[in-house]
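**Student:** What follows is a single structure, and I will ask about it in a moment.
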Amino acid sequence: MYTNPQRMVTDEAKELRKAAGLWLRQVRERQGLTQHDVGTFAGYRYYTQYSALEQGTGRVPPERYGGIAGALGVDAQFFARKMMRFYDPMTFAAVLDESDIDHRRLKLGPPLQEPEILPSIDGDAAKQLRKEGGALIKDLRENTGLTQVDLAERLGYKFYTRVSQIERGIGRVPPEEFAAFADALGVEVRPFVLSLLRSYDPLVFEIAFSRSVAESLAI
């Protein structure tokens, strides 16, 4: 019941990156843009850095989501969710479904539009958010009457110190274990994963989900 899900194989991850690159290229070409147009607008020093994304040899970093979405004339929230489907499919499956990124919902706006200014997350803020994610897991564990050893056993961990590191914010729950953690802690998967996403990938959370979601989270 609490066994760890199998990690996504490397070949599958590579294919998904290629699929992301193909989608970027298709949207760019529909808008009549060159790679240089998009790369320059998104703030890359060399357009070849953007080209690598379309080739599937790189992945769009969250801090570039707004710039590339604005360049392509794509709604930033739709763009972030689409990238999640390609780059982090396990998290996507836990909080969204295919209807959220259906191509029929993609309505292209004018290209090369200035993106919304998003808050920056520095190193100290990121560490604090990760600690908050660990504190959440600790609270949920203690509320269910489990020890760190108990939780480790449910998750199939050889050493309970892995749970300890996650609760202290030194480590993080990997996406392939989100569902297993929720099951072991006896909580619903979607709000649990959204809370972890807010702690682990705050910029993605900010772009992909509205503030109303953040305010209504409850486990």
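Letters A, B, ... go to the chains of the structure tokens in the order shown; residues in each chain start at 1; ligands are counted from 1 in the same order.
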Which polymer residues have any atom within 12 Å of an atom of Pro61 of chain A, counting only C-alpha atoms, with same-chain residues fewer than 4 positions away left out, as a count of residues only?
**Tutor:** 16
**Student:** Which residues are close to Ala71 of chain A, i.e. within 7 Å by only C-alpha atoms, leaving aside same-chain residues fewer than 5 positions away? Reply as a list in words.
**Tutor:**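 My list of contacting residues is Val38, Phe41, Ala42, Pro111, Leu112 and Gln113 of chain A.
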**Student:** Please write the residues from the selection above to a file, keeping N, CA and C atoms, as a JSON list (two decimals), in the first residue's frame.
**Tutor:**
[["chain", "number", "residue", "atom", "x", "y", "z"],
["A", 38, "VAL", "N", 11.87, 35.33, -29.99],
["A", 38, "VAL", "CA", 11.42, 34.83, -28.69],
["A", 38, "VAL", "C", 12.55, 34.85, -27.68],
["A", 41, "PHE", "N", 13.42, 38.46, -26.61],
["A", 41, "PHE", "CA", 12.36, 39.05, -25.82],
["A", 41, "PHE", "C", 12.33, 38.45, -24.42],
["A", 42, "ALA", "N", 12.61, 37.14, -24.33],
["A", 42, "ALA", "CA", 12.55, 36.45, -23.04],
["A", 42, "ALA", "C", 13.78, 36.72, -22.18],
["A", 111, "PRO", "N", 1.64, 38.62, -29.97],
["A", 111, "PRO", "CA", 2.96, 38.21, -29.49],
["A", 111, "PRO", "C", 3.75, 39.39, -28.93],
["A", 112, "LEU", "N", 4.83, 39.04, -28.27],
["A", 112, "LEU", "CA", 5.77, 40.02, -27.73],
["A", 112, "LEU", "C", 5.10, 41.02, -26.80],
["A", 113, "GLN", "N", 4.30, 40.46, -25.87],
["A", 113, "GLN", "CA", 3.62, 41.27, -24.86],
["A", 113, "GLN", "C", 4.38, 41.19, -23.53]]
**Student:** If you run DSSP on the backbone here, which positions in segment 51-195 of chain A get helix (DSSP H, G or I)? Please write them as JSON, numbers by chain.
**Tutor:** {"A": [51, 52, 53, 54, 55, 62, 63, 64, 65, 66, 67, 68, 69, 70, 71, 72, 76, 77, 78, 79, 80, 81, 82, 83, 84, 85, 86, 87, 89, 90, 91, 92, 93, 94, 95, 98, 99, 100, 101, 103, 104, 105, 123, 124, 125, 126, 127, 128, 129, 130, 131, 132, 133, 134, 135, 136, 137, 138, 139, 140, 141, 142, 143, 148, 149, 150, 151, 152, 153, 154, 155, 161, 162, 163, 164, 165, 166, 167, 175, 176, 177, 178, 179, 180, 181, 182, 183, 184, 185, 189, 190, 191, 192, 193, 194, 195]}
**Student:** Would you write out, as a Markdown table, a table of all residues in segment 93-153 of chain A that have an atom no more than 6 Å from an atom of segment 180-197 of chain A, listing for each the closest atom pair and the distance in Å to one decimal, considering only C-alpha atoms and ordering rows by chain and rising residue number?
**Tutor:**
| residue | atom | partner | partner_atom | distance |
| --- | --- | --- | --- | --- |
| A:Ala94 | CA | A:Arg190 | CA | 5.6 |
| A:Val95 | CA | A:Arg190 | CA | 5.1 |
| A:Gly133 | CA | A:Leu196 | CA | 5.8 |
**Student:** Out of A:Glu132, A:Glu206, A:Glu177, A:Glu29, which residue has the shortest atom-to-atom distance to Met90 of chain A when counting only C-alpha atoms?
**Tutor:** A:Glu177
**Student:** So, with only C-alpha atoms as the atoms that count, which of A:Ile170, A:Leu96, A:Ala125, A:Ala13 lies closest to Gly58 of chain A?
**Tutor:**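 Counting only C-alpha atoms, the residue closest to Gly58 of chain A is A:Ala13.
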**Student:** Considering only C-alpha atoms, state which residue in the set A:Lys82, A:Arg198, A:Arg64, A:Lys127 is at the smallest distance from Arg105 of chain A.
**Tutor:**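 With only C-alpha atoms as the atom set, the closest residue is A:Lys82.
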**Student:** Enter the distance from atom CA of Asp102 of chain A to atom CA of Leu16 of chain A, in Å, rounded to one decimal.
**Tutor:** 16.4 Å
**Student:** Tell me which of A:Lys131, A:Ala69, A:Leu106, A:Ser164 sits closest to Thr147 of chain A, counting only C-alpha atoms.
**Tutor:** A:Ser164
**Student:** Using only C-alpha atoms, which of A:Thr144, A:Thr91, A:Ser99, A:Gln77 sits nearest Ile207 of chain A?
**Tutor:**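 Using only C-alpha atoms, Ile207 of chain A sits closest to A:Gln77.
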**Student:** I'd like to know which of A:Ser199, A:Gln148, A:Thr40, A:Thr10 is closest to Arg162 of chain A, using only C-alpha atoms.
**Tutor:** A:Gln148
